[in-house]
Amino acid sequence: MATVLIYSDKINMALELLTAAREIGAAAIKAVTINDSQAAQELANAGAEVYNIDADVNLADAAVAASALAQAAEQLQADIILLSSNRRCKEYAGRLAQIIGAGCLTDVTALQVNGGQIECQRNALGGATVATQTVTAARQVIAIRPRTYEAAAAGSGGSVNNLQVTVPPSAVKLVEVRGKEGDTVDIEAAEILVAVGQGMENKEDLPLAEELARKLGGEVACSKPLATDRKWLSEERIVGLSGKKCKPQLALLFGISGQVQFTVGIRDARVIASVNTDENASINQMSDYILTADLKDVLAELNKAL
Amino acid sequence: MNIVVALKQVPDLQQIRIRNRQPVFDDVPLTLGNIDKNALEAAVVIKEAQGGKVIALSAGDENIEDTIKEALAAGADEAYLVIDDQLKDAESSVAAQVLAAAIKNIEDVDLILLGEGSADNYSGQVGSRVAELLGLPQVAYASSIEVNGTTATVTRSLEDCHEVVEVSLPAVITVLSDINEARIPSVTQILKAGKKPKEVVELDDLDVELPDQSPVKTISNLAPDSQRKKVVVKSVDELIQALMTEGVIRR
């Protein structure tokens with residue numbers, strides 16, 4: 001397989017891409033960093049051949065960043081570019097693909113090489129289906145969802161080199177960066193999720209779910225309406241198509257009916273147990289354990305027993 | 001301030017059923033993508049404050065003539081449609097080339113808005129590709145847009161922070177669904193929608209050359225094979241027992 005270039009603005013995701021590139025059997029892997037000698041060193045410590053772009057690249061301007069990456073791909077003769085599929089790099093992906101004339105796939109959740117072609121899996125039809133797609137163009141840009149691969153561990157043979165690019169003038173000025181106020185929970189990292197949906201009718205029942213999550217060492221998550229319409233929980237806790245895609249060991253679902261917009265974010269859980277008053281709820285079709293009961297009673301009983 | 005909103009016709013995702021893991025599209029109505037409606041709403045809000053017009057742009061098969069009425073009812077002033085059977089389910093790079101070529105034919109465009117991703121494919125590429133094709137600056141994932149003369153102040157919401165950026169116009173901006181709540185058109189607006197100006201062009205009318213072969217091939221598209229146990233438990237005790245046996249909780 002050809003030379004693969006990897007880039008992410010986030011070092012942990014870049015290390016995951018390094019694993020991905022190795023697993024697909026890249027002939028050569030070139031990791032690019034932009035004005036980030038620390039990330040360059042960390043990638044080199046994981047055994048990567050790193051090229052640090054030493055220029056004033058405005059990462060908030062996708063036109064500038066994509067141009068820099070396109071020049072890097074050109075200079076390093078890489079026809080396959082792996083990016084992380086976080087928002088920052090997804091914004092770059094389309095622009096970079098357009099510059100270099102590549103086919104592009106984003107939000108890829110699995111890669112498999114079949115007859116020299118990289119077959120990518122990604123959600124389609126709003127998550128109702130999983131499509132297997134391959135880029136047939138000579139050049140490809142593939143953005144891989146964070147946490148699809150393990151971050152590469154320390155390794156030998158790495159190096160840090162400099163790469164010169166010509167940066168076009170920027171038409172985007174970064175005025176201010178604001179932290180996301182309030183909730184900093186990372187439900188994607190949780191091993192156990194207690195997720196609540198619209199079947200929870202009273203906000204007074206929410207502390208019961210929070211207590212259970214605490215007892216199990218997990219986090220509370222929710223379907224979108226509980227955060228955006230009812231505003232009971234922060235948007236950081238939304239599971240599903242417009243929220244987080246989680247792979248916990250256990251997902252305990254309370255009052256969740258099972259619309260695909262939600263289930264797409266939880267279907268990779270190892271064990272799913274759901275509690276609903278409706279014995280025909282569609283979530284039951286994708287649950288390992290089904291309890292038809294009042295969620296408030298079940299939560300109270302679980303909290304007492306555990 | 002002339003604002004082009006690029007909108008994609010998609011099947012109503014709520015109504016797609018799965019049979020033998022295959023999606024079934026029979027009798028599923030066509031509609032505009034949800035996030036596209038937020039992009040349209042953002043455009044209408046800017047127009048109401050600044051004057052000008054909102055042009056709803058779409059490319060697809062002949063059904064888009066009907067689907068675009070949703071946008072005209074919800075506040076777009078006119079429609080620009082590229083209709084060709086080849087454009088049904090067009091791949092992202094193809095859609096981007098057609099949209100960019102169409103925008104070149106529209107006069108005095110100050111701002112181009114799209115949803116951050118389409119409702120069905122959600123690749124999030126088209127806005128970035130259109131921006132590159134037109135040589136324009138871009139900002140994706142906007143949670144607010146404020147136009148001030150020749151620039152716009154946009155809040156880009158990333159996973160871990162909000163970035164406030166100032167971008168020179170014309171620019172391509174893609175919006176998040178949280179940017180606003182799209183209005184639901186009244187009956188009068190729906191009736192008036194059919195009378196609003198609409199320009200329909202064919203691929204031949206545009207300066208665009210589509211590839212012979214799509215740069216992306218779909219090998220399969222199936223509902224995930226759900227191998228769940230589906231064990232009905234009768235009590236909380238039974239549930240706890242089962243989860244302990246799975247090794248996922250401890251008492």
# chains A, B, ... in the order shown; residues from 1 in each chain; ligands from 1
call {"tool": "residues_around", "arguments": {"residues": "Leu295 (chain A)", "least_positions_apart": "3", "cutoff": "10 Å", "atoms": "only C-alpha atoms", "output": "ChimeraX atom specification"}}
result
/A:196,199-201,205,208-209,253-255,274-277,291-292,298-301
call {"tool": "write_last_selection", "arguments": {"atoms": "N, CA and C atoms", "output": "PDB file, in the first residue's frame"}}
result
ATOM      1  N   VAL A 196     -31.188   8.236  30.167  1.00  0.00           N
ATOM      2  CA  VAL A 196     -32.626   8.475  30.352  1.00  0.00           C
ATOM      3  C   VAL A 196     -33.214   9.133  29.106  1.00  0.00           C
ATOM      4  N   GLY A 199     -39.313   8.923  28.343  1.00  0.00           N
ATOM      5  CA  GLY A 199     -40.186   8.150  29.215  1.00  0.00           C
ATOM      6  C   GLY A 199     -40.063   8.570  30.681  1.00  0.00           C
ATOM      7  N   MET A 200     -38.996   9.296  31.002  1.00  0.00           N
ATOM      8  CA  MET A 200     -38.892   9.848  32.353  1.00  0.00           C
ATOM      9  C   MET A 200     -39.735  11.120  32.370  1.00  0.00           C
ATOM     10  N   GLU A 201     -40.807  11.085  33.132  1.00  0.00           N
ATOM     11  CA  GLU A 201     -41.750  12.195  33.021  1.00  0.00           C
ATOM     12  C   GLU A 201     -41.488  13.326  33.998  1.00  0.00           C
ATOM     13  N   ASP A 205     -37.291  12.724  39.178  1.00  0.00           N
ATOM     14  CA  ASP A 205     -36.758  11.353  39.124  1.00  0.00           C
ATOM     15  C   ASP A 205     -35.292  11.322  38.673  1.00  0.00           C
ATOM     16  N   LEU A 208     -32.447  10.118  40.892  1.00  0.00           N
ATOM     17  CA  LEU A 208     -32.364   8.656  41.064  1.00  0.00           C
ATOM     18  C   LEU A 208     -31.399   8.060  40.046  1.00  0.00           C
ATOM     19  N   ALA A 209     -31.469   8.563  38.800  1.00  0.00           N
ATOM     20  CA  ALA A 209     -30.552   8.084  37.763  1.00  0.00           C
ATOM     21  C   ALA A 209     -29.129   8.517  38.074  1.00  0.00           C
ATOM     22  N   LEU A 253     -30.718   1.681  30.042  1.00  0.00           N
ATOM     23  CA  LEU A 253     -31.563   2.685  29.394  1.00  0.00           C
ATOM     24  C   LEU A 253     -32.915   2.771  30.097  1.00  0.00           C
ATOM     25  N   PHE A 254     -33.290   3.976  30.477  1.00  0.00           N
ATOM     26  CA  PHE A 254     -34.556   4.170  31.184  1.00  0.00           C
ATOM     27  C   PHE A 254     -35.465   5.104  30.388  1.00  0.00           C
ATOM     28  N   GLY A 255     -36.620   4.591  30.009  1.00  0.00           N
ATOM     29  CA  GLY A 255     -37.598   5.441  29.327  1.00  0.00           C
ATOM     30  C   GLY A 255     -37.146   5.871  27.942  1.00  0.00           C
ATOM     31  N   SER A 274     -32.692  -2.438  29.042  1.00  0.00           N
ATOM     32  CA  SER A 274     -33.613  -1.311  28.939  1.00  0.00           C
ATOM     33  C   SER A 274     -34.845  -1.525  29.815  1.00  0.00           C
ATOM     34  N   VAL A 275     -35.281  -0.409  30.379  1.00  0.00           N
ATOM     35  CA  VAL A 275     -36.452  -0.404  31.250  1.00  0.00           C
ATOM     36  C   VAL A 275     -37.471   0.559  30.658  1.00  0.00           C
ATOM     37  N   ASN A 276     -38.666   0.043  30.383  1.00  0.00           N
ATOM     38  CA  ASN A 276     -39.717   0.819  29.733  1.00  0.00           C
ATOM     39  C   ASN A 276     -41.068   0.351  30.224  1.00  0.00           C
ATOM     40  N   THR A 277     -42.058   1.212  30.141  1.00  0.00           N
ATOM     41  CA  THR A 277     -43.411   0.743  30.471  1.00  0.00           C
ATOM     42  C   THR A 277     -44.053   0.051  29.264  1.00  0.00           C
ATOM     43  N   LEU A 291     -36.722  -5.077  30.838  1.00  0.00           N
ATOM     44  CA  LEU A 291     -37.592  -5.098  32.011  1.00  0.00           C
ATOM     45  C   LEU A 291     -38.739  -4.126  31.742  1.00  0.00           C
ATOM     46  N   THR A 292     -39.964  -4.650  31.744  1.00  0.00           N
ATOM     47  CA  THR A 292     -41.117  -3.790  31.528  1.00  0.00           C
ATOM     48  C   THR A 292     -41.652  -3.386  32.902  1.00  0.00           C
ATOM     49  N   VAL A 298     -37.913   1.074  39.415  1.00  0.00           N
ATOM     50  CA  VAL A 298     -36.716   0.279  39.123  1.00  0.00           C
ATOM     51  C   VAL A 298     -35.461   1.011  39.599  1.00  0.00           C
ATOM     52  N   LEU A 299     -35.405   2.312  39.316  1.00  0.00           N
ATOM     53  CA  LEU A 299     -34.246   3.095  39.758  1.00  0.00           C
ATOM     54  C   LEU A 299     -34.114   3.044  41.280  1.00  0.00           C
ATOM     55  N   ALA A 300     -35.227   3.237  41.967  1.00  0.00           N
ATOM     56  CA  ALA A 300     -35.200   3.238  43.432  1.00  0.00           C
ATOM     57  C   ALA A 300     -34.735   1.878  43.957  1.00  0.00           C
ATOM     58  N   GLU A 301     -35.259   0.822  43.349  1.00  0.00           N
ATOM     59  CA  GLU A 301     -34.878  -0.516  43.798  1.00  0.00           C
ATOM     60  C   GLU A 301     -33.407  -0.814  43.530  1.00  0.00           C
TER      61      GLU A 301
END
call {"tool": "closest_atom_pairs", "arguments": {"of": "chain A", "to": "chain B", "cutoff": "6 Å", "atoms": "only C-alpha atoms", "output": "tab-separated table"}}
result
residue	atom	partner	partner_atom	distance
A:Gly94	CA	B:Gln125	CA	4.3
A:Arg95	CA	B:Ser128	CA	4.8
A:Gln98	CA	B:Arg129	CA	5.5
A:Gly103	CA	B:Pro215	CA	5.1
A:Thr106	CA	B:Ser123	CA	5.6
A:Ala124	CA	B:Asn121	CA	5.2
A:Leu125	CA	B:Asp120	CA	4.2
A:Gly126	CA	B:Asp120	CA	5.0
A:Ala128	CA	B:Ala223	CA	5.9
A:Thr129	CA	B:Ala223	CA	4.0
A:Val130	CA	B:Leu222	CA	5.5
A:Ala131	CA	B:Asn221	CA	4.0
A:Thr132	CA	B:Ser220	CA	5.2
A:Gln133	CA	B:Thr218	CA	4.3
A:Thr134	CA	B:Lys217	CA	5.3
A:Val135	CA	B:Val216	CA	4.4
A:Thr136	CA	B:Pro215	CA	5.1
A:Ala137	CA	B:Pro215	CA	4.7
A:Ala171	CA	B:Ser168	CA	5.8
A:Val172	CA	B:Val167	CA	4.5
A:Lys173	CA	B:Glu166	CA	5.0
A:Leu174	CA	B:Val165	CA	4.5
A:Val175	CA	B:Val165	CA	5.2
A:Glu176	CA	B:Val164	CA	5.0
A:Val177	CA	B:Glu163	CA	4.5
A:Arg178	CA	B:His162	CA	5.0
A:Gly179	CA	B:Cys161	CA	4.6
A:Lys180	CA	B:Cys161	CA	5.1
A:Met286	CA	B:Arg228	CA	5.7
A:Ser287	CA	B:Lys230	CA	5.4
A:Asp288	CA	B:Lys229	CA	4.3
A:Tyr289	CA	B:Val231	CA	4.8
A:Ile290	CA	B:Val232	CA	4.7
A:Leu291	CA	B:Val233	CA	5.3
A:Leu306	CA	B:Arg251	CA	5.0
call {"tool": "write_last_selection", "arguments": {"atoms": "N, CA and C atoms", "output": "short mmCIF file (atom, residue, chain, number, x, y, z; two decimals), in the first residue's frame"}}
result
data_model
loop_
_atom_site.label_atom_id
_atom_site.label_comp_id
_atom_site.auth_asym_id
_atom_site.auth_seq_id
_atom_site.Cartn_x
_atom_site.Cartn_y
_atom_site.Cartn_z
N GLY A 94 -12.98 18.04 3.58
CA GLY A 94 -13.60 18.33 2.29
C GLY A 94 -12.76 19.30 1.46
N ARG A 95 -12.21 20.29 2.15
CA ARG A 95 -11.42 21.30 1.45
C ARG A 95 -10.12 20.70 0.92
N GLN A 98 -10.83 18.52 -2.01
CA GLN A 98 -11.10 19.30 -3.21
C GLN A 98 -9.80 19.83 -3.81
N GLY A 103 -11.15 11.65 -3.52
CA GLY A 103 -12.42 11.21 -2.97
C GLY A 103 -12.29 11.22 -1.46
N THR A 106 -15.87 10.58 5.54
CA THR A 106 -15.70 11.09 6.90
C THR A 106 -16.46 10.21 7.88
N ALA A 124 -25.03 5.59 7.62
CA ALA A 124 -25.75 6.24 6.54
C ALA A 124 -27.22 6.30 6.91
N LEU A 125 -27.96 7.04 6.13
CA LEU A 125 -29.40 7.22 6.37
C LEU A 125 -29.67 7.58 7.83
N GLY A 126 -28.94 8.54 8.32
CA GLY A 126 -29.16 9.00 9.68
C GLY A 126 -28.86 7.95 10.72
N ALA A 128 -29.51 4.67 10.35
CA ALA A 128 -30.35 3.48 10.20
C ALA A 128 -29.56 2.33 9.59
N THR A 129 -28.57 2.68 8.79
CA THR A 129 -27.76 1.66 8.15
C THR A 129 -26.27 1.97 8.33
N VAL A 130 -25.46 0.96 8.08
CA VAL A 130 -24.02 1.14 8.06
C VAL A 130 -23.57 0.84 6.63
N ALA A 131 -22.97 1.82 5.99
CA ALA A 131 -22.53 1.63 4.61
C ALA A 131 -21.07 1.22 4.60
N THR A 132 -20.73 0.32 3.69
CA THR A 132 -19.34 -0.01 3.44
C THR A 132 -18.98 0.66 2.11
N GLN A 133 -18.02 1.57 2.16
CA GLN A 133 -17.68 2.35 0.98
C GLN A 133 -16.18 2.36 0.76
N THR A 134 -15.79 2.59 -0.48
CA THR A 134 -14.37 2.68 -0.78
C THR A 134 -14.13 3.84 -1.74
N VAL A 135 -13.02 4.52 -1.54
CA VAL A 135 -12.68 5.61 -2.44
C VAL A 135 -11.99 5.01 -3.66
N THR A 136 -12.56 5.24 -4.83
CA THR A 136 -11.98 4.66 -6.04
C THR A 136 -11.04 5.65 -6.75
N ALA A 137 -11.09 6.92 -6.34
CA ALA A 137 -10.19 7.92 -6.93
C ALA A 137 -8.75 7.58 -6.54
N ALA A 171 -8.34 34.79 5.51
CA ALA A 171 -9.51 35.67 5.52
C ALA A 171 -10.37 35.41 6.75
N VAL A 172 -9.81 34.61 7.67
CA VAL A 172 -10.54 34.30 8.91
C VAL A 172 -9.67 34.75 10.08
N LYS A 173 -10.24 35.59 10.92
CA LYS A 173 -9.47 36.08 12.07
C LYS A 173 -10.04 35.49 13.35
N LEU A 174 -9.16 34.86 14.13
CA LEU A 174 -9.61 34.29 15.39
C LEU A 174 -9.70 35.41 16.42
N VAL A 175 -10.92 35.65 16.91
CA VAL A 175 -11.13 36.77 17.84
C VAL A 175 -11.02 36.30 19.28
N GLU A 176 -11.60 35.12 19.54
CA GLU A 176 -11.69 34.69 20.93
C GLU A 176 -11.93 33.19 20.99
N VAL A 177 -11.34 32.53 21.97
CA VAL A 177 -11.65 31.12 22.22
C VAL A 177 -12.28 31.03 23.60
N ARG A 178 -13.47 30.47 23.65
CA ARG A 178 -14.16 30.35 24.93
C ARG A 178 -14.29 28.88 25.28
N GLY A 179 -14.02 28.56 26.53
CA GLY A 179 -14.23 27.18 26.99
C GLY A 179 -15.71 26.89 27.00
N LYS A 180 -16.05 25.60 26.91
CA LYS A 180 -17.46 25.25 27.04
C LYS A 180 -17.78 25.32 28.51
N MET A 286 -33.17 -4.25 20.44
CA MET A 286 -31.71 -4.17 20.46
C MET A 286 -31.17 -4.15 21.89
N SER A 287 -31.91 -4.82 22.77
CA SER A 287 -31.47 -4.91 24.16
C SER A 287 -31.12 -6.36 24.50
N ASP A 288 -30.20 -6.52 25.44
CA ASP A 288 -29.88 -7.86 25.93
C ASP A 288 -30.85 -8.23 27.04
N TYR A 289 -31.19 -7.23 27.85
CA TYR A 289 -32.11 -7.50 28.96
C TYR A 289 -33.21 -6.45 28.94
N ILE A 290 -34.45 -6.94 29.09
CA ILE A 290 -35.61 -6.09 28.95
C ILE A 290 -36.44 -6.21 30.22
N LEU A 291 -36.72 -5.08 30.84
CA LEU A 291 -37.59 -5.10 32.01
C LEU A 291 -38.74 -4.13 31.74
N LEU A 306 -27.87 -1.94 45.20
CA LEU A 306 -26.46 -1.89 44.80
C LEU A 306 -25.61 -1.08 45.77
#
call {"tool": "select_by_dssp", "arguments": {"residues": "region 15-96 of chain A", "states": "strand (DSSP E)", "output": "list in words"}}
result
Ala28, Ile29, Lys30, Ala31, Val32, Thr33, Ile34, Glu49, Val50, Tyr51, Asn52, Ile53, Ile80, Ile81, Leu82, Leu83 and Ser84 of chain A
call {"tool": "closest_residue", "arguments": {"among": "B:Pro170, B:Gly194, B:Gly33, B:Pro211", "to": "Asp66 (chain B)", "atoms": "only C-alpha atoms"}}
result
B:Gly194
call {"tool": "atom_distance", "arguments": {"atom1": "CA of Ile81 (chain A)", "atom2": "CA of Thr3 (chain A)"}}
result
8.7 Å
call {"tool": "residues_around", "arguments": {"residues": "Ser84 (chain A)", "least_positions_apart": "3", "cutoff": "7 Å", "atoms": "only C-alpha atoms", "output": "NGL selection string"}}
result
:A and (8 or 13 or 89 or 143-146)
call {"tool": "residues_around", "arguments": {"residues": "region 76-90 of chain B", "least_positions_apart": "5", "cutoff": "6 Å", "atoms": "only C-alpha atoms", "output": "list in words"}}
result
Lys53, Val54, Ile55, Ala56, Leu57, Ser58, Ala59, Gly60, Asp61, Glu62, Ala71, Ala95, Lys196, Pro197, Lys198, Glu199, Val200, Val201 and Glu202 of chain B
call {"tool": "residues_around", "arguments": {"residues": "region 37-51 of chain B", "least_positions_apart": "2", "cutoff": "9 Å", "atoms": "only C-alpha atoms", "output": "PDB file with N, CA and C atoms, in the first residue's frame"}}
result
ATOM      1  N   MET B   1     -27.935  42.308   0.905  1.00  0.00           N
ATOM      2  CA  MET B   1     -27.323  41.043   1.314  1.00  0.00           C
ATOM      3  C   MET B   1     -28.049  39.877   0.648  1.00  0.00           C
ATOM      4  N   ASN B   2     -27.406  39.285  -0.359  1.00  0.00           N
ATOM      5  CA  ASN B   2     -28.009  38.116  -1.004  1.00  0.00           C
ATOM      6  C   ASN B   2     -27.390  36.849  -0.434  1.00  0.00           C
ATOM      7  N   ILE B   3     -28.260  35.998   0.036  1.00  0.00           N
ATOM      8  CA  ILE B   3     -27.789  34.786   0.708  1.00  0.00           C
ATOM      9  C   ILE B   3     -28.275  33.560  -0.049  1.00  0.00           C
ATOM     10  N   VAL B   4     -27.339  32.703  -0.433  1.00  0.00           N
ATOM     11  CA  VAL B   4     -27.713  31.433  -1.053  1.00  0.00           C
ATOM     12  C   VAL B   4     -27.697  30.352   0.038  1.00  0.00           C
ATOM     13  N   VAL B   5     -28.773  29.604   0.131  1.00  0.00           N
ATOM     14  CA  VAL B   5     -28.798  28.466   1.057  1.00  0.00           C
ATOM     15  C   VAL B   5     -28.872  27.205   0.210  1.00  0.00           C
ATOM     16  N   ALA B   6     -27.875  26.342   0.360  1.00  0.00           N
ATOM     17  CA  ALA B   6     -27.883  25.086  -0.400  1.00  0.00           C
ATOM     18  C   ALA B   6     -28.619  24.030   0.415  1.00  0.00           C
ATOM     19  N   LEU B   7     -29.628  23.425  -0.211  1.00  0.00           N
ATOM     20  CA  LEU B   7     -30.500  22.490   0.499  1.00  0.00           C
ATOM     21  C   LEU B   7     -30.510  21.153  -0.222  1.00  0.00           C
ATOM     22  N   LEU B  32     -36.801  18.174   2.973  1.00  0.00           N
ATOM     23  CA  LEU B  32     -35.506  18.827   3.143  1.00  0.00           C
ATOM     24  C   LEU B  32     -34.880  18.317   4.427  1.00  0.00           C
ATOM     25  N   GLY B  33     -33.552  18.213   4.432  1.00  0.00           N
ATOM     26  CA  GLY B  33     -32.853  17.752   5.630  1.00  0.00           C
ATOM     27  C   GLY B  33     -33.087  18.711   6.793  1.00  0.00           C
ATOM     28  N   ASN B  34     -33.094  18.162   8.004  1.00  0.00           N
ATOM     29  CA  ASN B  34     -33.388  18.984   9.182  1.00  0.00           C
ATOM     30  C   ASN B  34     -32.393  20.113   9.393  1.00  0.00           C
ATOM     31  N   ILE B  35     -31.100  19.814   9.290  1.00  0.00           N
ATOM     32  CA  ILE B  35     -30.108  20.860   9.550  1.00  0.00           C
ATOM     33  C   ILE B  35     -30.164  21.903   8.435  1.00  0.00           C
ATOM     34  N   LYS B  53     -32.109  39.283  -0.339  1.00  0.00           N
ATOM     35  CA  LYS B  53     -32.972  38.135  -0.572  1.00  0.00           C
ATOM     36  C   LYS B  53     -32.268  36.817  -0.268  1.00  0.00           C
ATOM     37  N   VAL B  54     -33.106  35.809  -0.037  1.00  0.00           N
ATOM     38  CA  VAL B  54     -32.606  34.469   0.241  1.00  0.00           C
ATOM     39  C   VAL B  54     -32.946  33.579  -0.943  1.00  0.00           C
ATOM     40  N   ALA B  56     -32.940  29.834  -2.395  1.00  0.00           N
ATOM     41  CA  ALA B  56     -32.842  28.414  -2.046  1.00  0.00           C
ATOM     42  C   ALA B  56     -32.276  27.668  -3.246  1.00  0.00           C
ATOM     43  N   ALA B  71     -38.952  25.193   1.350  1.00  0.00           N
ATOM     44  CA  ALA B  71     -38.023  26.295   1.632  1.00  0.00           C
ATOM     45  C   ALA B  71     -38.652  27.634   1.274  1.00  0.00           C
ATOM     46  N   ALA B  74     -40.954  28.581   3.950  1.00  0.00           N
ATOM     47  CA  ALA B  74     -40.285  28.913   5.210  1.00  0.00           C
ATOM     48  C   ALA B  74     -39.423  30.168   5.103  1.00  0.00           C
ATOM     49  N   GLY B  75     -39.568  30.937   4.031  1.00  0.00           N
ATOM     50  CA  GLY B  75     -38.927  32.248   4.004  1.00  0.00           C
ATOM     51  C   GLY B  75     -37.951  32.519   2.882  1.00  0.00           C
ATOM     52  N   ALA B  76     -37.610  31.515   2.068  1.00  0.00           N
ATOM     53  CA  ALA B  76     -36.748  31.805   0.917  1.00  0.00           C
ATOM     54  C   ALA B  76     -37.538  32.648  -0.085  1.00  0.00           C
ATOM     55  N   LEU B 111     -23.243  35.670   0.816  1.00  0.00           N
ATOM     56  CA  LEU B 111     -23.103  34.648   1.849  1.00  0.00           C
ATOM     57  C   LEU B 111     -23.712  33.352   1.343  1.00  0.00           C
ATOM     58  N   ILE B 112     -23.044  32.234   1.641  1.00  0.00           N
ATOM     59  CA  ILE B 112     -23.559  30.919   1.253  1.00  0.00           C
ATOM     60  C   ILE B 112     -23.680  30.086   2.524  1.00  0.00           C
ATOM     61  N   LEU B 113     -24.880  29.624   2.787  1.00  0.00           N
ATOM     62  CA  LEU B 113     -25.112  28.845   4.004  1.00  0.00           C
ATOM     63  C   LEU B 113     -25.510  27.407   3.661  1.00  0.00           C
ATOM     64  N   LEU B 114     -25.046  26.477   4.488  1.00  0.00           N
ATOM     65  CA  LEU B 114     -25.434  25.069   4.371  1.00  0.00           C
ATOM     66  C   LEU B 114     -25.583  24.515   5.782  1.00  0.00           C
ATOM     67  N   GLY B 115     -26.223  23.368   5.897  1.00  0.00           N
ATOM     68  CA  GLY B 115     -26.192  22.635   7.159  1.00  0.00           C
ATOM     69  C   GLY B 115     -24.813  22.022   7.309  1.00  0.00           C
ATOM     70  N   GLU B 116     -24.406  21.708   8.540  1.00  0.00           N
ATOM     71  CA  GLU B 116     -23.055  21.147   8.740  1.00  0.00           C
ATOM     72  C   GLU B 116     -22.913  19.785   8.077  1.00  0.00           C
ATOM     73  N   SER B 144     -23.614  30.614  15.946  1.00  0.00           N
ATOM     74  CA  SER B 144     -24.204  31.941  15.788  1.00  0.00           C
ATOM     75  C   SER B 144     -23.492  32.671  14.653  1.00  0.00           C
ATOM     76  N   ILE B 145     -24.249  33.527  13.975  1.00  0.00           N
ATOM     77  CA  ILE B 145     -23.701  34.316  12.860  1.00  0.00           C
ATOM     78  C   ILE B 145     -24.215  35.739  13.021  1.00  0.00           C
ATOM     79  N   GLU B 146     -23.286  36.692  12.965  1.00  0.00           N
ATOM     80  CA  GLU B 146     -23.686  38.094  13.027  1.00  0.00           C
ATOM     81  C   GLU B 146     -23.003  38.799  11.859  1.00  0.00           C
ATOM     82  N   VAL B 147     -23.803  39.367  10.972  1.00  0.00           N
ATOM     83  CA  VAL B 147     -23.229  40.023   9.805  1.00  0.00           C
ATOM     84  C   VAL B 147     -23.022  41.499  10.101  1.00  0.00           C
ATOM     85  N   ILE B 173     -20.583  29.369   5.075  1.00  0.00           N
ATOM     86  CA  ILE B 173     -20.733  29.038   6.497  1.00  0.00           C
ATOM     87  C   ILE B 173     -21.673  27.848   6.622  1.00  0.00           C
ATOM     88  N   THR B 174     -21.259  26.849   7.401  1.00  0.00           N
ATOM     89  CA  THR B 174     -22.180  25.737   7.668  1.00  0.00           C
ATOM     90  C   THR B 174     -22.631  25.829   9.118  1.00  0.00           C
ATOM     91  N   VAL B 175     -23.906  25.519   9.352  1.00  0.00           N
ATOM     92  CA  VAL B 175     -24.485  25.754  10.674  1.00  0.00           C
ATOM     93  C   VAL B 175     -24.800  24.448  11.397  1.00  0.00           C
ATOM     94  N   LEU B 176     -24.805  24.546  12.713  1.00  0.00           N
ATOM     95  CA  LEU B 176     -25.241  23.449  13.568  1.00  0.00           C
ATOM     96  C   LEU B 176     -26.750  23.549  13.760  1.00  0.00           C
ATOM     97  N   SER B 177     -27.379  22.435  14.136  1.00  0.00           N
ATOM     98  CA  SER B 177     -28.829  22.484  14.339  1.00  0.00           C
ATOM     99  C   SER B 177     -29.198  23.357  15.537  1.00  0.00           C
ATOM    100  N   ASP B 178     -28.265  23.547  16.478  1.00  0.00           N
ATOM    101  CA  ASP B 178     -28.603  24.373  17.657  1.00  0.00           C
ATOM    102  C   ASP B 178     -28.612  25.862  17.346  1.00  0.00           C
ATOM    103  N   ILE B 179     -28.271  26.281  16.156  1.00  0.00           N
ATOM    104  CA  ILE B 179     -28.174  27.723  15.887  1.00  0.00           C
ATOM    105  C   ILE B 179     -29.517  28.418  16.049  1.00  0.00           C
ATOM    106  N   ASN B 180     -30.598  27.729  15.804  1.00  0.00           N
ATOM    107  CA  ASN B 180     -31.932  28.343  15.888  1.00  0.00           C
ATOM    108  C   ASN B 180     -32.986  27.252  15.871  1.00  0.00           C
ATOM    109  N   GLU B 181     -34.220  27.681  15.982  1.00  0.00           N
ATOM    110  CA  GLU B 181     -35.310  26.742  15.791  1.00  0.00           C
ATOM    111  C   GLU B 181     -36.001  27.160  14.501  1.00  0.00           C
ATOM    112  N   ALA B 182     -35.985  26.284  13.513  1.00  0.00           N
ATOM    113  CA  ALA B 182     -36.547  26.652  12.210  1.00  0.00           C
ATOM    114  C   ALA B 182     -38.049  26.901  12.340  1.00  0.00           C
ATOM    115  N   ARG B 183     -38.529  27.971  11.674  1.00  0.00           N
ATOM    116  CA  ARG B 183     -39.961  28.291  11.776  1.00  0.00           C
ATOM    117  C   ARG B 183     -40.801  27.280  11.002  1.00  0.00           C
TER     118      ARG B 183
END
call {"tool": "atom_distance", "arguments": {"atom1": "CA of Arg147 (chain A)", "atom2": "CA of Ala190 (chain A)"}}
result
12.6 Å
call {"tool": "residues_around", "arguments": {"residues": "Pro248 (chain A)", "least_positions_apart": "3", "cutoff": "9 Å", "atoms": "only C-alpha atoms", "output": "ChimeraX atom specification"}}
result
/A:187-193,251,266,268-271
call {"tool": "residues_around", "arguments": {"residues": "Leu111 (chain A)", "least_positions_apart": "3", "cutoff": "12 Å", "atoms": "only C-alpha atoms", "output": "PyMOL selection string"}}
result
chain A and resi 17+19-25+82+105-108+114+117-122+131-135+142-145+148-149
call {"tool": "select_by_dssp", "arguments": {"residues": "region 80-272 of chain A", "states": "alpha helix (DSSP H)", "output": "PyMOL selection string"}}
result
chain A and resi 87-100+206-216+224-228+260-263
